$ cat structure.json   # JSON, C-alpha atoms
[["chain", "number", "residue", "atom", "x", "y", "z"],
["A", 1, "MET", "CA", 0.00, 0.00, 0.00],
["A", 2, "LEU", "CA", 1.39, 3.37, -1.05],
["A", 3, "MET", "CA", 1.94, 5.96, 1.65],
["A", 4, "GLU", "CA", 1.77, 9.13, -0.45],
["A", 5, "SER", "CA", -1.14, 10.70, -2.28],
["A", 6, "ARG", "CA", -1.15, 11.18, -6.04],
["A", 7, "GLN", "CA", -1.28, 14.96, -5.53],
["A", 8, "TRP", "CA", 1.82, 14.94, -3.31],
["A", 9, "LEU", "CA", 3.76, 12.70, -5.69],
["A", 10, "GLU", "CA", 2.87, 14.88, -8.69],
["A", 11, "GLN", "CA", 3.88, 18.06, -6.86],
["A", 12, "GLU", "CA", 7.22, 16.56, -5.87],
["A", 13, "LEU", "CA", 7.84, 15.33, -9.40],
["A", 14, "GLU", "CA", 7.19, 18.81, -10.77],
["A", 15, "GLN", "CA", 9.77, 20.22, -8.36],
["A", 16, "ILE", "CA", 12.29, 17.72, -9.70],
["A", 17, "HIS", "CA", 11.47, 18.73, -13.27],
["A", 18, "LYS", "CA", 12.12, 22.36, -12.32],
["A", 19, "TRP", "CA", 15.48, 21.33, -10.88],
["A", 20, "GLU", "CA", 16.34, 19.48, -14.10],
["A", 21, "ARG", "CA", 15.54, 22.55, -16.18],
["A", 22, "SER", "CA", 17.77, 24.68, -13.97],
["A", 23, "GLN", "CA", 20.73, 22.37, -14.60],
["A", 24, "GLY", "CA", 21.27, 23.81, -18.08],
["A", 25, "LYS", "CA", 23.24, 26.72, -16.68],
["A", 26, "VAL", "CA", 27.01, 26.30, -16.50],
["A", 27, "ARG", "CA", 28.65, 28.42, -13.85],
["A", 28, "ILE", "CA", 31.49, 30.77, -14.74],
["A", 29, "TRP", "CA", 33.79, 28.94, -12.33],
["A", 30, "ASP", "CA", 33.18, 25.69, -14.16],
["A", 31, "ARG", "CA", 33.92, 27.28, -17.53],
["A", 32, "ILE", "CA", 37.18, 28.71, -16.25],
["A", 33, "GLY", "CA", 37.99, 25.51, -14.43],
["A", 34, "ARG", "CA", 38.16, 23.57, -17.68],
["A", 35, "ILE", "CA", 40.97, 25.72, -19.04],
["A", 36, "PRO", "CA", 44.02, 24.92, -16.88],
["A", 37, "PHE", "CA", 44.13, 21.18, -17.38],
["A", 38, "ALA", "CA", 43.96, 21.61, -21.13],
["A", 39, "LEU", "CA", 47.20, 23.56, -20.74],
["A", 40, "LEU", "CA", 48.57, 21.31, -18.02],
["A", 41, "ASP", "CA", 48.12, 18.21, -20.18],
["A", 42, "LYS", "CA", 51.51, 18.85, -21.73],
["A", 43, "VAL", "CA", 53.26, 18.99, -18.38],
["A", 44, "THR", "CA", 51.17, 16.52, -16.39],
["A", 45, "PRO", "CA", 53.44, 13.68, -15.22],
["A", 46, "ASP", "CA", 52.94, 10.35, -16.93],
["A", 47, "PHE", "CA", 52.03, 8.63, -13.66],
["A", 48, "ILE", "CA", 48.99, 10.89, -13.27],
["A", 49, "GLN", "CA", 47.94, 10.28, -16.87],
["A", 50, "ASP", "CA", 48.33, 6.59, -16.12],
["A", 51, "LYS", "CA", 46.02, 6.90, -13.11],
["A", 52, "LEU", "CA", 43.39, 8.58, -15.29],
["A", 53, "GLY", "CA", 43.62, 5.74, -17.78],
["A", 54, "LYS", "CA", 43.20, 3.17, -15.02],
["A", 55, "ALA", "CA", 40.20, 5.10, -13.69],
["A", 56, "LEU", "CA", 38.60, 4.71, -17.12],
["A", 57, "ASP", "CA", 39.24, 0.97, -17.02],
["A", 58, "GLU", "CA", 37.76, 0.74, -13.53],
["A", 59, "LEU", "CA", 34.54, 2.43, -14.65],
["A", 60, "GLY", "CA", 34.22, -0.13, -17.42],
["A", 61, "LYS", "CA", 34.69, -3.00, -14.97],
["A", 62, "PHE", "CA", 32.17, -1.45, -12.60],
["A", 63, "VAL", "CA", 29.45, -1.31, -15.25],
["A", 64, "GLN", "CA", 30.12, -4.84, -16.44],
["A", 65, "THR", "CA", 30.64, -6.71, -13.16],
["A", 66, "GLY", "CA", 30.78, -4.25, -10.28],
["A", 67, "GLY", "CA", 34.53, -4.84, -9.99],
["A", 68, "GLY", "CA", 35.88, -4.10, -6.54],
["A", 69, "TYR", "CA", 33.44, -1.24, -5.95],
["A", 70, "LEU", "CA", 30.14, -3.07, -5.50],
["A", 71, "SER", "CA", 28.47, -2.08, -2.23],
["A", 72, "SER", "CA", 27.02, -4.61, 0.18],
["A", 73, "GLU", "CA", 23.25, -4.69, 0.68],
["A", 74, "LYS", "CA", 23.89, -4.73, 4.42],
["A", 75, "ALA", "CA", 24.89, -1.06, 4.24],
["A", 76, "VAL", "CA", 21.30, 0.04, 3.63],
["A", 77, "ALA", "CA", 20.29, -0.66, 7.26],
["A", 78, "ASN", "CA", 22.83, 1.88, 8.52],
["A", 79, "TYR", "CA", 20.99, 4.82, 6.97],
["A", 80, "PHE", "CA", 17.42, 4.19, 8.15],
["A", 81, "ASN", "CA", 16.16, 4.87, 11.65],
["A", 82, "ASN", "CA", 13.62, 2.14, 11.16],
["A", 83, "LYS", "CA", 15.20, -1.11, 12.43],
["A", 84, "GLN", "CA", 12.89, -3.12, 10.21],
["A", 85, "VAL", "CA", 14.79, -1.94, 7.14],
["A", 86, "ARG", "CA", 17.44, -4.58, 6.53],
["A", 87, "THR", "CA", 17.32, -5.13, 2.79],
["A", 88, "ILE", "CA", 16.90, -3.10, -0.38],
["A", 89, "ASP", "CA", 13.38, -4.50, -0.76],
["A", 90, "ASP", "CA", 12.58, -3.20, 2.73],
["A", 91, "ALA", "CA", 13.87, 0.24, 1.74],
["A", 92, "ALA", "CA", 11.70, 0.21, -1.39],
["A", 93, "MET", "CA", 8.58, -0.03, 0.79],
["A", 94, "MET", "CA", 9.41, 3.01, 2.91],
["A", 95, "PRO", "CA", 7.82, 6.45, 2.45],
["A", 96, "VAL", "CA", 9.74, 8.73, 0.08],
["A", 97, "SER", "CA", 10.38, 11.11, 2.98],
["A", 98, "ALA", "CA", 12.18, 8.32, 4.90],
["A", 99, "MET", "CA", 14.22, 7.55, 1.77],
["A", 100, "ASP", "CA", 15.17, 11.23, 1.56],
["A", 101, "GLU", "CA", 16.39, 11.23, 5.16],
["A", 102, "ALA", "CA", 18.44, 8.09, 4.57],
["A", 103, "ALA", "CA", 20.01, 9.60, 1.44],
["A", 104, "ASP", "CA", 20.86, 12.74, 3.44],
["A", 105, "ARG", "CA", 22.74, 10.55, 5.92],
["A", 106, "VAL", "CA", 24.69, 8.97, 3.08],
["A", 107, "ALA", "CA", 25.57, 12.41, 1.74],
["A", 108, "GLY", "CA", 26.69, 13.68, 5.14],
["A", 109, "THR", "CA", 28.86, 10.65, 5.87],
["A", 110, "ARG", "CA", 30.48, 10.51, 2.44],
["A", 111, "THR", "CA", 31.04, 14.27, 2.28],
["A", 112, "ASN", "CA", 32.92, 14.19, 5.58],
["A", 113, "ILE", "CA", 35.05, 11.30, 4.35],
["A", 114, "ALA", "CA", 35.80, 13.19, 1.12],
["A", 115, "THR", "CA", 36.89, 16.26, 3.08],
["A", 116, "VAL", "CA", 39.40, 14.31, 5.14],
["A", 117, "GLN", "CA", 40.59, 12.33, 2.15],
["A", 118, "GLY", "CA", 41.04, 15.45, 0.00],
["A", 119, "ALA", "CA", 43.01, 17.16, 2.73],
["A", 120, "SER", "CA", 45.31, 14.18, 3.23],
["A", 121, "THR", "CA", 46.09, 13.72, -0.45],
["A", 122, "GLY", "CA", 46.33, 17.48, -0.98],
["A", 123, "PHE", "CA", 48.92, 17.88, 1.78],
["A", 124, "GLY", "CA", 51.67, 16.27, -0.28],
["A", 125, "GLY", "CA", 50.94, 18.24, -3.45],
["A", 126, "ILE", "CA", 51.98, 16.57, -6.70],
["A", 127, "PHE", "CA", 53.41, 13.62, -4.80],
["A", 128, "THR", "CA", 50.05, 12.47, -3.46],
["A", 129, "LEU", "CA", 47.69, 13.87, -6.11],
["A", 130, "SER", "CA", 47.83, 10.61, -8.07],
["A", 131, "LEU", "CA", 46.43, 8.79, -5.02],
["A", 132, "ASP", "CA", 43.43, 11.10, -5.03],
["A", 133, "ILE", "CA", 42.13, 9.89, -8.39],
["A", 134, "PRO", "CA", 41.31, 6.23, -7.61],
["A", 135, "VAL", "CA", 40.24, 6.97, -4.04],
["A", 136, "LEU", "CA", 37.81, 9.70, -5.11],
["A", 137, "LEU", "CA", 36.46, 7.53, -7.92],
["A", 138, "GLY", "CA", 35.74, 4.75, -5.45],
["A", 139, "LEU", "CA", 34.08, 7.19, -3.06],
["A", 140, "GLN", "CA", 31.84, 8.50, -5.84],
["A", 141, "LEU", "CA", 30.74, 5.02, -6.84],
["A", 142, "LYS", "CA", 30.10, 3.98, -3.24],
["A", 143, "THR", "CA", 28.12, 7.16, -2.54],
["A", 144, "LEU", "CA", 25.78, 6.67, -5.49],
["A", 145, "GLN", "CA", 25.32, 2.97, -4.77],
["A", 146, "ASP", "CA", 24.32, 3.67, -1.18],
["A", 147, "ILE", "CA", 21.88, 6.37, -2.32],
["A", 148, "ALA", "CA", 20.43, 3.96, -4.90],
["A", 149, "MET", "CA", 19.80, 1.41, -2.13],
["A", 150, "CYS", "CA", 18.13, 4.07, 0.05],
["A", 151, "TYR", "CA", 15.55, 4.50, -2.71],
["A", 152, "GLY", "CA", 15.13, 0.75, -3.17],
["A", 153, "PHE", "CA", 17.29, 0.21, -6.26],
["A", 154, "ASN", "CA", 19.86, -2.58, -6.32],
["A", 155, "PRO", "CA", 23.35, -1.76, -7.70],
["A", 156, "ALA", "CA", 23.92, -5.49, -8.19],
["A", 157, "ASP", "CA", 21.70, -5.03, -11.26],
["A", 158, "PRO", "CA", 23.90, -4.06, -14.26],
["A", 159, "LYS", "CA", 21.23, -1.55, -15.32],
["A", 160, "GLU", "CA", 21.61, 0.28, -12.03],
["A", 161, "ARG", "CA", 25.40, 0.39, -12.35],
["A", 162, "LEU", "CA", 25.00, 1.91, -15.78],
["A", 163, "PHE", "CA", 22.57, 4.45, -14.34],
["A", 164, "ILE", "CA", 25.16, 5.35, -11.67],
["A", 165, "VAL", "CA", 27.82, 6.07, -14.28],
["A", 166, "LYS", "CA", 25.29, 8.20, -16.14],
["A", 167, "VAL", "CA", 24.67, 10.21, -12.95],
["A", 168, "MET", "CA", 28.42, 10.82, -12.73],
["A", 169, "GLN", "CA", 28.47, 11.88, -16.36],
["A", 170, "PHE", "CA", 25.47, 14.16, -15.78],
["A", 171, "THR", "CA", 27.23, 16.12, -13.04],
["A", 172, "THR", "CA", 30.19, 16.91, -15.30],
["A", 173, "SER", "CA", 28.35, 17.64, -18.56],
["A", 174, "ASP", "CA", 27.26, 20.92, -20.11],
["A", 175, "ASN", "CA", 23.60, 21.81, -20.62],
["A", 176, "HIS", "CA", 23.25, 20.01, -23.96],
["A", 177, "GLY", "CA", 24.95, 16.93, -22.59],
["A", 178, "ARG", "CA", 22.69, 16.88, -19.55],
["A", 179, "ASP", "CA", 19.54, 17.00, -21.67],
["A", 180, "ALA", "CA", 20.75, 14.01, -23.68],
["A", 181, "ILE", "CA", 21.71, 12.06, -20.55],
["A", 182, "LEU", "CA", 18.28, 12.66, -18.97],
["A", 183, "LYS", "CA", 16.65, 11.22, -22.10],
["A", 184, "GLN", "CA", 18.95, 8.20, -21.96],
["A", 185, "MET", "CA", 18.08, 7.66, -18.31],
["A", 186, "GLY", "CA", 14.38, 7.80, -19.13],
["A", 187, "SER", "CA", 14.77, 5.22, -21.90],
["A", 188, "LEU", "CA", 16.80, 2.97, -19.63],
["A", 189, "ASP", "CA", 14.20, 3.06, -16.88],
["A", 190, "ALA", "CA", 11.44, 2.39, -19.40],
["A", 191, "GLY", "CA", 13.13, -0.94, -20.07],
["A", 192, "SER", "CA", 14.44, -0.12, -23.52],
["A", 193, "GLU", "CA", 16.94, -2.86, -24.38],
["A", 194, "LYS", "CA", 18.16, -0.81, -27.34],
["A", 195, "ALA", "CA", 18.96, 2.12, -25.04],
["A", 196, "ARG", "CA", 20.78, -0.18, -22.64],
["A", 197, "ARG", "CA", 22.92, -1.67, -25.40],
["A", 198, "GLU", "CA", 23.75, 1.76, -26.76],
["A", 199, "MET", "CA", 24.86, 3.04, -23.36],
["A", 200, "VAL", "CA", 26.89, -0.07, -22.58],
["A", 201, "SER", "CA", 28.70, 0.36, -25.88],
["A", 202, "GLU", "CA", 29.51, 3.97, -25.05],
["A", 203, "LEU", "CA", 33.08, 3.53, -23.95],
["A", 204, "LYS", "CA", 33.43, 7.12, -25.07],
["A", 205, "GLY", "CA", 30.89, 8.04, -22.41],
["A", 206, "TRP", "CA", 32.97, 6.45, -19.67],
["A", 207, "ARG", "CA", 36.01, 8.32, -20.92],
["A", 208, "GLU", "CA", 34.00, 11.55, -20.78],
["A", 209, "VAL", "CA", 33.24, 10.93, -17.11],
["A", 210, "VAL", "CA", 36.93, 10.71, -16.25],
["A", 211, "MET", "CA", 38.14, 13.48, -18.54],
["A", 212, "SER", "CA", 35.33, 15.92, -17.85],
["A", 213, "PHE", "CA", 35.89, 15.39, -14.13],
["A", 214, "ARG", "CA", 39.53, 16.28, -14.63],
["A", 215, "ASP", "CA", 38.71, 19.35, -16.72],
["A", 216, "ARG", "CA", 35.96, 20.63, -14.48],
["A", 217, "TRP", "CA", 38.10, 20.63, -11.37],
["A", 218, "GLY", "CA", 41.23, 21.70, -13.21],
["A", 219, "MET", "CA", 41.52, 25.13, -11.62],
["A", 220, "LYS", "CA", 41.01, 23.81, -8.10],
["A", 221, "LYS", "CA", 43.25, 20.80, -8.51],
["A", 222, "MET", "CA", 46.00, 23.03, -9.86],
["A", 223, "PHE", "CA", 46.29, 24.54, -6.38],
["A", 224, "GLN", "CA", 46.53, 21.06, -4.98],
["A", 225, "LEU", "CA", 49.87, 20.70, -6.75],
["A", 226, "ILE", "CA", 51.32, 23.03, -4.11],
["A", 227, "PRO", "CA", 52.42, 21.07, -1.01],
["A", 228, "VAL", "CA", 50.68, 22.02, 2.25],
["A", 229, "ALA", "CA", 48.52, 24.68, 0.54],
["A", 230, "GLY", "CA", 46.95, 21.79, -1.36],
["A", 231, "LEU", "CA", 45.52, 20.53, 1.93],
["A", 232, "VAL", "CA", 42.87, 23.27, 1.96],
["A", 233, "PHE", "CA", 42.08, 23.13, -1.73],
["A", 234, "GLY", "CA", 42.04, 19.34, -1.74],
["A", 235, "ALA", "CA", 39.56, 19.25, 1.11],
["A", 236, "ILE", "CA", 37.28, 21.87, -0.47],
["A", 237, "THR", "CA", 37.40, 20.29, -3.93],
["A", 238, "ASN", "CA", 36.64, 16.76, -2.83],
["A", 239, "ARG", "CA", 33.97, 17.88, -0.39],
["A", 240, "SER", "CA", 32.14, 19.86, -3.09],
["A", 241, "THR", "CA", 32.54, 17.01, -5.59],
["A", 242, "ILE", "CA", 30.86, 14.44, -3.35],
["A", 243, "SER", "CA", 28.28, 16.91, -2.04],
["A", 244, "GLU", "CA", 27.09, 17.82, -5.54],
["A", 245, "LEU", "CA", 27.18, 14.22, -6.72],
["A", 246, "ALA", "CA", 25.14, 13.04, -3.72],
["A", 247, "GLU", "CA", 22.56, 15.78, -4.25],
["A", 248, "THR", "CA", 22.23, 14.94, -7.94],
["A", 249, "GLY", "CA", 22.04, 11.20, -7.30],
["A", 250, "ALA", "CA", 19.38, 11.61, -4.62],
["A", 251, "ILE", "CA", 17.21, 13.80, -6.86],
["A", 252, "LEU", "CA", 17.43, 11.47, -9.85],
["A", 253, "TYR", "CA", 16.75, 8.34, -7.82],
["A", 254, "ARG", "CA", 13.94, 10.13, -5.99],
["A", 255, "LYS", "CA", 12.45, 10.97, -9.38],
["A", 256, "ARG", "CA", 12.47, 7.32, -10.39],
["A", 257, "ARG", "CA", 10.83, 6.17, -7.17],
["A", 258, "ILE", "CA", 8.11, 8.82, -7.44],
["A", 259, "GLN", "CA", 7.46, 7.92, -11.08],
["A", 260, "GLU", "CA", 7.14, 4.25, -10.14],
["A", 261, "ARG", "CA", 4.65, 5.04, -7.40],
["A", 262, "LEU", "CA", 2.58, 7.21, -9.72],
["A", 263, "ALA", "CA", 2.59, 4.37, -12.26],
["A", 264, "SER", "CA", 1.44, 1.99, -9.52],
["A", 265, "LEU", "CA", -1.42, 4.33, -8.62],
["A", 266, "GLU", "CA", -2.38, 4.49, -12.28],
["A", 267, "ARG", "CA", -2.47, 0.69, -12.56],
["A", 268, "ASP", "CA", -4.53, 0.39, -9.39],
["A", 269, "SER", "CA", -7.08, 2.87, -10.75],
["A", 270, "GLN", "CA", -7.70, 0.86, -13.92],
["A", 271, "PRO", "CA", -10.93, -1.15, -13.95],
["A", 272, "ALA", "CA", -10.43, -4.88, -13.50],
["A", 273, "GLY", "CA", -10.02, -6.81, -16.72],
["A", 274, "LEU", "CA", -8.47, -3.96, -18.72]]

$ encode --input "structure.json" --output "structure tokens"
Amino acid sequence: MLMESRQWLEQELEQIHKWERSQGKVRIWDRIGRIPFALLDKVTPDFIQDKLGKALDELGKFVQTGGGYLSSEKAVANYFNNKQVRTIDDAAMMPVSAMDEAADRVAGTRTNIATVQGASTGFGGIFTLSLDIPVLLGLQLKTLQDIAMCYGFNPADPKERLFIVKVMQFTTSDNHGRDAILKQMGSLDAGSEKARREMVSELKGWREVVMSFRDRWGMKKMFQLIPVAGLVFGAITNRSTISELAETGAILYRKRRIQERLASLERDSQPAGL
């Protein structure tokens, strides 16, 4: 039995649509932030370029099999106050408001971890920057998986892992890219096998996630190349990265759960036999 009214669900969905429309604006900082790494490419040490290449490979493994990043279903119980929530199926039966609160706890926990991690890798400047890439990638994947479970979606499903990578791509894309990604997400959730195959074949898309992440935070990461001073910039950069990603993931998963509940209400309202 659903716990929210149709009116409430429709109002909340409209608020999400408004948020999606607002995502077309690219901030000046982000435009500027893409410049430095284009210039730094020529002087970026090979070991950092190697780390970026490995990050691309890891994303591919994550989509295909989960790799070493797949979250445990047991984690979902840590984010709900309700002790009866022990599995993803349990979470899927909770009110949307309870899912929101659980996702907020994920965001708070992961953001704090990112702050400490960014400060520690930023302290050593160029010498520890390469460590930041795989650690932050893993933190991003774990954050989105935990949020997915809070809304009752299972990252063990390859479709959900693909959706997670698309969320990462969404946060680093421009307005045109974001519109296209939202359409892809809609097709994926509608069960389009053609859309799934197209996205799985998009190795270019996985590369865009890694490279656009690098470009977007280029200006901030450039400061992280300075030992000690990088501590502050590393903490701020990683904190804002995870904070924005968690917010985006929660909104997009919330949208899917609300749409599913509206669809359920629509089915229940149909006369028997139709």

$ atom_distance --input "structure.json" --atom1 "CA of Gln169 (chain A)" --atom2 "CA of Ile181 (chain A)"
8.0 Å

$ closest_residue --input "structure.json" --among "A:Leu265, A:Glu247, A:Gly186, A:Leu137" --to "Asp57 (chain A)" --atoms "all atoms listed in the file"
A:Leu137

$ residues_around --input "structure.json" --residues "Phe62 (chain A)" --least-positions-apart "6" --cutoff "9 Å" --atoms "only C-alpha atoms" --output "PyMOL selection string"
chain A and resi 68-70+141+158+161-162+165

$ write_last_selection --input "structure.json" --atoms "C-alpha atoms" --output "compact mmCIF listing (two decimals), keeping the file's coordinate frame"
# COMPACT_ATOMS: atom_id res chain seq x y z
CA GLY A 68 35.88 -4.10 -6.54
CA TYR A 69 33.44 -1.24 -5.95
CA LEU A 70 30.14 -3.07 -5.50
CA LEU A 141 30.74 5.02 -6.84
CA PRO A 158 23.90 -4.06 -14.26
CA ARG A 161 25.40 0.39 -12.35
CA LEU A 162 25.00 1.91 -15.78
CA VAL A 165 27.82 6.07 -14.28

$ closest_residue --input "structure.json" --among "A:Gly118, A:Arg256, A:Thr248, A:Phe170" --to "Leu231 (chain A)" --atoms "all atoms listed in the file"
A:Gly118

$ atom_distance --input "structure.json" --atom1 "CA of Ser120 (chain A)" --atom2 "CA of Ile133 (chain A)"
12.8 Å

$ atom_distance --input "structure.json" --atom1 "CA of Arg257 (chain A)" --atom2 "CA of Tyr151 (chain A)"
6.7 Å

$ closest_residue --input "structure.json" --among "A:Leu136, A:Ile236, A:Cys150, A:Ile251" --to "Ala77 (chain A)" --atoms "only C-alpha atoms"
A:Cys150

$ closest_residue --input "structure.json" --among "A:Asp146, A:Glu4, A:Glu244, A:Glu266" --to "Met93 (chain A)" --atoms "all atoms listed in the file"
A:Glu4

$ closest_residue --input "structure.json" --among "A:Glu101, A:Asp157, A:Glu10, A:Glu20" --to "Asn82 (chain A)" --atoms "only C-alpha atoms"
A:Glu101

$ closest_residue --input "structure.json" --among "A:Lys183, A:Ser269, A:Lys255, A:Gln145" --to "Asp100 (chain A)" --atoms "all atoms listed in the file"
A:Lys255

$ residues_around --input "structure.json" --residues "Asp104 (chain A)" --least-positions-apart "4" --cutoff "10 Å" --atoms "only C-alpha atoms" --output "mmCIF file with C-alpha atoms, in the coordinates of the input"
data_model
loop_
_atom_site.group_PDB
_atom_site.id
_atom_site.type_symbol
_atom_site.label_atom_id
_atom_site.label_comp_id
_atom_site.auth_asym_id
_atom_site.auth_seq_id
_atom_site.Cartn_x
_atom_site.Cartn_y
_atom_site.Cartn_z
ATOM 1 C CA TYR A 79 20.990 4.820 6.970
ATOM 2 C CA ALA A 98 12.180 8.320 4.900
ATOM 3 C CA MET A 99 14.220 7.550 1.770
ATOM 4 C CA ASP A 100 15.170 11.230 1.560
ATOM 5 C CA GLY A 108 26.690 13.680 5.140
ATOM 6 C CA THR A 109 28.860 10.650 5.870
ATOM 7 C CA ARG A 110 30.480 10.510 2.440
ATOM 8 C CA ILE A 147 21.880 6.370 -2.320
ATOM 9 C CA CYS A 150 18.130 4.070 0.050
ATOM 10 C CA ALA A 246 25.140 13.040 -3.720
ATOM 11 C CA GLU A 247 22.560 15.780 -4.250
ATOM 12 C CA ALA A 250 19.380 11.610 -4.620
#

$ residues_around --input "structure.json" --residues "Pro155 (chain A)" --least-positions-apart "4" --cutoff "10 Å" --atoms "all atoms listed in the file" --output "list in words"
Val63, Gly66, Leu70, Ser71, Ser72, Glu73, Ile88, Lys142, Leu144, Gln145, Asp146, Ile147, Ala148, Met149, Lys159, Glu160, Arg161, Leu162, Phe163 and Ile164 of chain A

$ decode --input "structure.json" --residues "region 153-160 of chain A" --atoms "all heavy atoms" --output "short mmCIF file (atom, residue, chain, number, x, y, z; two decimals), in the first residue's frame"
data_model
loop_
_atom_site.label_atom_id
_atom_site.label_comp_id
_atom_site.auth_asym_id
_atom_site.auth_seq_id
_atom_site.Cartn_x
_atom_site.Cartn_y
_atom_site.Cartn_z
N PHE A 153 16.73 0.71 -5.01
CA PHE A 153 17.29 0.21 -6.26
C PHE A 153 18.59 -0.54 -5.98
O PHE A 153 19.42 -0.09 -5.18
CB PHE A 153 17.55 1.37 -7.22
CG PHE A 153 16.30 2.10 -7.64
CD1 PHE A 153 15.90 3.26 -6.99
CD2 PHE A 153 15.51 1.62 -8.68
CE1 PHE A 153 14.74 3.93 -7.36
CE2 PHE A 153 14.35 2.29 -9.06
CZ PHE A 153 13.96 3.44 -8.40
N ASN A 154 18.76 -1.67 -6.64
CA ASN A 154 19.86 -2.58 -6.32
C ASN A 154 21.03 -2.42 -7.29
O ASN A 154 20.91 -2.75 -8.47
CB ASN A 154 19.36 -4.03 -6.37
CG ASN A 154 20.35 -4.99 -5.75
OD1 ASN A 154 21.52 -4.66 -5.54
ND2 ASN A 154 19.89 -6.19 -5.45
N PRO A 155 22.19 -1.93 -6.82
CA PRO A 155 23.35 -1.76 -7.70
C PRO A 155 23.95 -3.07 -8.19
O PRO A 155 24.85 -3.06 -9.03
CB PRO A 155 24.35 -0.99 -6.82
CG PRO A 155 23.94 -1.28 -5.42
CD PRO A 155 22.46 -1.43 -5.46
N ALA A 156 23.48 -4.20 -7.66
CA ALA A 156 23.92 -5.49 -8.19
C ALA A 156 23.36 -5.72 -9.59
O ALA A 156 23.88 -6.53 -10.36
CB ALA A 156 23.48 -6.63 -7.27
N ASP A 157 22.31 -4.98 -9.93
CA ASP A 157 21.70 -5.03 -11.26
C ASP A 157 22.58 -4.21 -12.22
O ASP A 157 22.83 -3.03 -11.97
CB ASP A 157 20.29 -4.44 -11.20
CG ASP A 157 19.56 -4.52 -12.53
OD1 ASP A 157 20.21 -4.73 -13.57
OD2 ASP A 157 18.33 -4.35 -12.53
N PRO A 158 23.06 -4.80 -13.32
CA PRO A 158 23.90 -4.06 -14.26
C PRO A 158 23.26 -2.76 -14.76
O PRO A 158 23.95 -1.77 -15.00
CB PRO A 158 24.10 -5.05 -15.41
CG PRO A 158 23.96 -6.39 -14.77
CD PRO A 158 22.89 -6.21 -13.72
N LYS A 159 21.93 -2.77 -14.88
CA LYS A 159 21.23 -1.55 -15.32
C LYS A 159 21.43 -0.43 -14.33
O LYS A 159 21.63 0.74 -14.72
CB LYS A 159 19.73 -1.83 -15.48
CG LYS A 159 18.96 -0.63 -16.04
CD LYS A 159 17.47 -0.88 -16.07
CE LYS A 159 16.83 -0.67 -14.70
NZ LYS A 159 15.35 -0.67 -14.76
N GLU A 160 21.43 -0.75 -13.05
CA GLU A 160 21.61 0.28 -12.03
C GLU A 160 23.05 0.80 -12.02
O GLU A 160 23.28 1.98 -11.79
CB GLU A 160 21.26 -0.27 -10.64
CG GLU A 160 19.79 -0.62 -10.47
CD GLU A 160 18.87 0.54 -10.81
OE1 GLU A 160 19.25 1.71 -10.59
OE2 GLU A 160 17.75 0.28 -11.30
#
